[in-house]
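Asks: To start, I am sharing the structure in question, which I have written as structure tokens.
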Amino acid sequence: MWIMKIKYLCVGLILFFNFSEIPAQSGNLIPAKIDGNNISTIYYQDGSFNNNLFTGNSEFEWPKGSGKYARYLSGLLIGAVVSNDTLIAIVDYGGGEYLPGYTSDNGQPIGNGDPVYRIYKLKNGILDSNRILWPNSLLLNSNQGAPVHFNTMSGMWEANDYGNQTMFFRMTDSYPESHFPNPWGTAPLKADVKCINFTFHTNDALDNVIYSHYEIINRSTNIWRNTFFTFFSDDDANDLVGHVGCNTLINLGYSYSRLNPPYTTNGPAVGFKIIRGANYFTGNSNDSLLFYEGKNKKKKAGYRSKGMYSFNFFFDDGPSNYKIVYISMEGKFFWTGNPIITPEGDTTRYFYSGDPETNIGWVMSGAAYRRTYTTTGPVNVNPGDTQHIVIAQVIAQGVNNLNGVTKLKEASIIAEQNYNNFFEGVPINVKNISSVVLDKFSLQQNYPNPFNPSTLIRFEIPKKSFVTLKLFDITGREIASLIDQDLNSGVYEYTFSAGKYNLSSGIYYYMIKADNFVQSRKMVLIK
């Protein structure tokens, strides 16, 4: 019997049992795919992602359509001390202790089995049932709090696109029946989670990133103390030899393959980049946390966020009970609870924080990896408080496996920089419709023209170039920079929406610059 009874909230794989050992909770869970850029994967409302719970197959396909898979199963874990216990909820190979719905003010779970509590996905510029039924009471739909914005042009609330694809779902661990089928199931934490995933299709590093914003609400009457938020991943999708590591300066935990067919010798590196870690109150007016929310921007005054607190890894004999999991989240050696010791004899919370390509520092060698924990915290979460955790799944490929880690670090920095800049200059509605090699630059007339409220602008680039596409009014005043980035050769379409810029009826000009090519055309907005 444990001296301290431990329970948690883990939305990610913790126990390492076979499928048959834990009853699956996935029977009423319908996954949804996000595939708006080079990554294609799926999410469930039990908190797991990158794996099909019904078939057991990996779903993190990269590049999309290649039939190659870089991650096997991932998810979010949360561990917190409550009174004299450490509470827990589980997601593992057999299913999760989260289910669709939310927790009411009196602590009761609501929504599981109701088809309204499903995963919704917006495709920018597409009017479909997901957009029409986007679950927010301001849209006269289900009151689930899906992100919306107020369109000053139309005077109406609308679904809020974060990127070219935006996914939303809500789940809670408050259902007792989802906990107790597990061999060591525990009482619920009564945590509500809103998850927003989004991607950009930009033909650059952002094409290999999935952003996730977790809003985690303490719906219990107890304080969660010493709370850790951990992103778990099992990345040996092909059961072959690989390695793991982390970079503490940029809050990145990752894995990279030494031999991982079908990627072979230059297999990619993939990891979790913590962009906004656990939030804590400072009371200092100079402190604030900024969050990207599509057409909105959120500011949390008087708060700061923590970075990566620990990075742990395990073989197949990894954490086998909830006590060991919490020890691992604390950045200790999971079997003994002792500190992690580097080869130089130093105490650390981070396994393998060296640089694989230069072989400087502590680098993994000679072993197969299985599972990793990338953790932020600890913080106290009061009843009713919300934690905003933002992470990015990033993948990159280099000239070889070790160089892939270097490229992953570079891509992770770019992912955070774009987030911190609210993705200024990153178009969410430009797409490459052809990669045919062309012989000249061109800018086509927008269609339709005149238009209301949106129109397509097509242009052609014969070679990789830095491209700007800008909008001007009839006096020559610049209104907006629509595109400002490197693009590969090809034919592109940009969807221009007048409502985003609160434009009135009239004549406007759009101008493209690429290499030495400059051209402008006139378009007419009629409202």
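To be explicit about the labels: the chains of the structure tokens are called A, B, and onward in the order shown, and within each one the residues are counted from 1, while ligands get numbers from 1 in the order they are shown.
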Would you mind listing what lies within 9 Å of region 436-444 of chain A as a list in words, with only C-alpha atoms counted and same-chain residues fewer than 3 positions away left out?

Replies: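 Contacts, with the query itself left out: Tyr447, Ile457, Arg458, Phe459, Glu460, Ile461, Pro462, Lys463, Ser489, Gly490, Val491, Met511, Ile512, Ala514, Phe517, Gln519, Ser520 and Arg521 of chain A.
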
Asks: Can I get the selected residues back with N, CA and C atoms, as an mmCIF file, in the first residue's frame?

Replies:
data_model
loop_
_atom_site.group_PDB
_atom_site.id
_atom_site.type_symbol
_atom_site.label_atom_id
_atom_site.label_comp_id
_atom_site.auth_asym_id
_atom_site.auth_seq_id
_atom_site.Cartn_x
_atom_site.Cartn_y
_atom_site.Cartn_z
ATOM 1 N N TYR A 447 -10.891 36.875 -59.204
ATOM 2 C CA TYR A 447 -12.175 36.334 -59.631
ATOM 3 C C TYR A 447 -12.978 35.918 -58.395
ATOM 4 N N ILE A 457 -7.249 35.553 -55.710
ATOM 5 C CA ILE A 457 -6.145 36.176 -56.443
ATOM 6 C C ILE A 457 -5.158 35.070 -56.792
ATOM 7 N N ARG A 458 -4.929 34.870 -58.090
ATOM 8 C CA ARG A 458 -4.015 33.805 -58.533
ATOM 9 C C ARG A 458 -2.739 34.429 -59.083
ATOM 10 N N PHE A 459 -1.600 33.807 -58.751
ATOM 11 C CA PHE A 459 -0.319 34.266 -59.298
ATOM 12 C C PHE A 459 0.593 33.066 -59.524
ATOM 13 N N GLU A 460 1.606 33.268 -60.366
ATOM 14 C CA GLU A 460 2.507 32.194 -60.752
ATOM 15 C C GLU A 460 3.953 32.617 -60.520
ATOM 16 N N ILE A 461 4.741 31.672 -59.991
ATOM 17 C CA ILE A 461 6.143 31.942 -59.686
ATOM 18 C C ILE A 461 6.998 30.845 -60.327
ATOM 19 N N PRO A 462 7.938 31.184 -61.221
ATOM 20 C CA PRO A 462 8.734 30.162 -61.907
ATOM 21 C C PRO A 462 9.902 29.624 -61.086
ATOM 22 N N LYS A 463 10.262 30.305 -59.992
ATOM 23 C CA LYS A 463 11.366 29.846 -59.155
ATOM 24 C C LYS A 463 11.121 30.314 -57.731
ATOM 25 N N SER A 489 8.457 27.585 -56.317
ATOM 26 C CA SER A 489 7.842 27.765 -57.635
ATOM 27 C C SER A 489 6.498 27.058 -57.676
ATOM 28 N N GLY A 490 5.554 27.634 -58.419
ATOM 29 C CA GLY A 490 4.239 27.033 -58.537
ATOM 30 C C GLY A 490 3.162 28.047 -58.834
ATOM 31 N N VAL A 491 1.937 27.560 -58.863
ATOM 32 C CA VAL A 491 0.751 28.392 -59.067
ATOM 33 C C VAL A 491 0.024 28.496 -57.734
ATOM 34 N N MET A 511 -0.921 44.450 -55.462
ATOM 35 C CA MET A 511 0.373 44.461 -56.140
ATOM 36 C C MET A 511 1.241 43.322 -55.630
ATOM 37 N N ILE A 512 1.893 42.636 -56.559
ATOM 38 C CA ILE A 512 2.807 41.565 -56.210
ATOM 39 C C ILE A 512 4.229 41.973 -56.551
ATOM 40 N N ALA A 514 8.005 39.908 -56.661
ATOM 41 C CA ALA A 514 8.699 38.633 -56.525
ATOM 42 C C ALA A 514 9.938 38.678 -57.413
ATOM 43 N N PHE A 517 10.151 40.953 -60.451
ATOM 44 C CA PHE A 517 8.830 41.092 -61.065
ATOM 45 C C PHE A 517 7.925 41.935 -60.170
ATOM 46 N N GLN A 519 3.898 43.732 -60.433
ATOM 47 C CA GLN A 519 2.683 43.940 -61.216
ATOM 48 C C GLN A 519 1.523 44.230 -60.284
ATOM 49 N N SER A 520 0.606 45.064 -60.748
ATOM 50 C CA SER A 520 -0.582 45.377 -59.957
ATOM 51 C C SER A 520 -1.827 45.265 -60.821
ATOM 52 N N ARG A 521 -2.943 45.028 -60.161
ATOM 53 C CA ARG A 521 -4.236 44.956 -60.855
ATOM 54 C C ARG A 521 -5.305 45.611 -59.991
#

Asks: Give one line per residue of region 192-272 of chain A that approaches region 379-394 of chain A to at most 6 Å, naming the two atoms of the closest pair and their distance in Å to one decimal, counting only C-alpha atoms; sort by chain then ascending residue number and deliver it as a Markdown table.

Replies:
| residue | atom | partner | partner_atom | distance |
| --- | --- | --- | --- | --- |
| A:Asn208 | CA | A:Val394 | CA | 5.9 |
| A:Val209 | CA | A:Val394 | CA | 4.7 |
| A:Ile210 | CA | A:Gln393 | CA | 5.1 |
| A:Tyr211 | CA | A:Ala392 | CA | 4.4 |
| A:Ser212 | CA | A:Ile391 | CA | 5.4 |
| A:His213 | CA | A:Val390 | CA | 4.5 |
| A:Tyr214 | CA | A:Ile389 | CA | 5.1 |
| A:Glu215 | CA | A:His388 | CA | 4.8 |
| A:Ile216 | CA | A:Gln387 | CA | 5.1 |
| A:Ile217 | CA | A:Thr386 | CA | 4.4 |
| A:Asn218 | CA | A:Gly384 | CA | 5.2 |
| A:Arg219 | CA | A:Gly384 | CA | 5.6 |
| A:Ser220 | CA | A:Pro383 | CA | 5.8 |
| A:Thr221 | CA | A:Pro383 | CA | 5.4 |
| A:Asn222 | CA | A:Pro383 | CA | 5.9 |
| A:Ile223 | CA | A:Asn382 | CA | 4.6 |
| A:Trp224 | CA | A:Val381 | CA | 5.0 |
| A:Arg225 | CA | A:Asn380 | CA | 4.4 |
| A:Asn226 | CA | A:Val379 | CA | 5.2 |
| A:Thr227 | CA | A:Val379 | CA | 5.1 |
| A:Val270 | CA | A:Val394 | CA | 5.7 |
| A:Gly271 | CA | A:Val394 | CA | 5.6 |
| A:Phe272 | CA | A:Gln393 | CA | 4.9 |

Asks: Among the residues of region 86-301 of chain A, find those DSSP assigns to strand (DSSP E) from the backbone and print them as a PyMOL selection string.

Replies: chain A and resi 86-87+91-92+95-96+99-100+102-103+109-110+120-123+148-151+156-159+165-172+191-199+209-218+224-234+242-247+252-257+269-276+279-281+288-293+296-301

Asks: Near region 242-244 of chain A, within 12 Å and counting only C-alpha atoms, which residues show up once chain neighbours fewer than 5 positions away are dropped, as a PyMOL selection string?

Replies: chain A and resi 70-71+233-237+252-261+264-265+267-272+311-315+350-356+362-374+401-402+405

Asks: Could you name the residues that touch Pro115 (chain A) at 12 Å or less, counting only C-alpha atoms, but leaving out those on the same chain fewer than 3 positions away, as JSON, numbers by chain?

Replies: {"A": [28, 29, 30, 100, 101, 111, 112, 118, 119, 120, 133, 135, 142, 169]}

Asks: For the selection you just gave me, I'd like the residues written to a file as a tab-separated table (two decimals), in the first residue's frame, keeping C-alpha atoms.

Replies:
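The resulting file, again-v4.tsv, is reproduced below:
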chain	number	residue	atom	x	y	z
A	28	ASN	CA	-18.51	6.52	-28.09
A	29	LEU	CA	-15.49	8.55	-29.23
A	30	ILE	CA	-15.23	9.59	-32.85
A	100	PRO	CA	-16.84	14.34	-24.29
A	101	GLY	CA	-18.66	17.05	-22.37
A	111	GLY	CA	-22.59	15.81	-22.50
A	112	ASN	CA	-21.20	12.32	-23.07
A	118	ARG	CA	-18.04	16.11	-30.85
A	119	ILE	CA	-14.89	17.38	-32.55
A	120	TYR	CA	-15.45	20.34	-34.88
A	133	LEU	CA	-22.89	24.41	-36.10
A	135	PRO	CA	-20.60	25.30	-30.78
A	142	SER	CA	-24.30	24.50	-28.19
A	169	PHE	CA	-13.45	20.01	-28.82

Asks: From the list A:Trp157, A:Ile395, A:Lys300, A:Glu177, which residue is nearest Asn136 (chain A) when using only C-alpha atoms?

Replies: A:Trp157

Asks: Once DSSP has gone over the backbone, tell me which residues of region 236-482 of chain A are in helix (DSSP H, G or I), as number ranges by chain.

Replies: A: 264-266, 322-329, 401-420

Asks: Using the selection just defined, write its residues with C-alpha atoms as a PDB file, in the first residue's frame.

Replies:
ATOM      1  CA  THR A 264      16.059   5.334 -43.449  1.00  0.00           C
ATOM      2  CA  THR A 265      19.270   7.268 -42.748  1.00  0.00           C
ATOM      3  CA  ASN A 266      17.819  10.778 -42.735  1.00  0.00           C
ATOM      4  CA  TYR A 322       0.438   6.487 -10.751  1.00  0.00           C
ATOM      5  CA  LYS A 323       3.003   7.138  -8.022  1.00  0.00           C
ATOM      6  CA  ILE A 324       5.868   6.470 -10.403  1.00  0.00           C
ATOM      7  CA  VAL A 325       4.292   8.714 -13.030  1.00  0.00           C
ATOM      8  CA  TYR A 326       4.180  11.688 -10.678  1.00  0.00           C
ATOM      9  CA  ILE A 327       7.802  11.079  -9.690  1.00  0.00           C
ATOM     10  CA  SER A 328       8.681  11.089 -13.381  1.00  0.00           C
ATOM     11  CA  MET A 329       6.854  14.366 -13.940  1.00  0.00           C
ATOM     12  CA  ASN A 401      19.432  11.971 -38.513  1.00  0.00           C
ATOM     13  CA  LEU A 402      21.624  14.165 -36.336  1.00  0.00           C
ATOM     14  CA  ASN A 403      21.248  17.204 -38.563  1.00  0.00           C
ATOM     15  CA  GLY A 404      17.484  16.623 -38.303  1.00  0.00           C
ATOM     16  CA  VAL A 405      17.701  17.572 -34.611  1.00  0.00           C
ATOM     17  CA  THR A 406      19.419  20.849 -35.537  1.00  0.00           C
ATOM     18  CA  LYS A 407      16.716  21.552 -38.108  1.00  0.00           C
ATOM     19  CA  LEU A 408      14.046  20.718 -35.526  1.00  0.00           C
ATOM     20  CA  LYS A 409      15.494  23.255 -33.091  1.00  0.00           C
ATOM     21  CA  GLU A 410      15.516  25.914 -35.808  1.00  0.00           C
ATOM     22  CA  ALA A 411      11.932  25.111 -36.806  1.00  0.00           C
ATOM     23  CA  SER A 412      10.813  25.191 -33.149  1.00  0.00           C
ATOM     24  CA  ILE A 413      12.256  28.670 -32.684  1.00  0.00           C
ATOM     25  CA  ILE A 414      10.463  29.833 -35.833  1.00  0.00           C
ATOM     26  CA  ALA A 415       7.211  28.297 -34.549  1.00  0.00           C
ATOM     27  CA  GLU A 416       7.461  30.271 -31.298  1.00  0.00           C
ATOM     28  CA  GLN A 417       8.502  33.517 -33.004  1.00  0.00           C
ATOM     29  CA  ASN A 418       5.463  33.397 -35.263  1.00  0.00           C
ATOM     30  CA  TYR A 419       3.194  32.726 -32.292  1.00  0.00           C
ATOM     31  CA  ASN A 420       4.683  35.616 -30.316  1.00  0.00           C
TER      32      ASN A 420
END

Asks: Hey, which of A:Leu471, A:Ala187, A:Leu99, A:Ile126 ends up closest to Thr166 (chain A)? Count only C-alpha atoms.

Replies: A:Ile126

Asks: Compile the contact shell of Phe232 (chain A) as number ranges by chain: residues with an atom at most 7 Å away, counting only C-alpha atoms, same-chain residues fewer than 2 positions apart removed.

Replies: A: 12-13, 74-77, 230, 372-374

Asks: Grab the CA of Arg131 (chain A) to CA of Cys195 (chain A) distance for me, in Å with one decimal place.

Replies: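 Spanning CA of Arg131 (chain A) to CA of Cys195 (chain A) is a straight-line distance of 16.7 Å.
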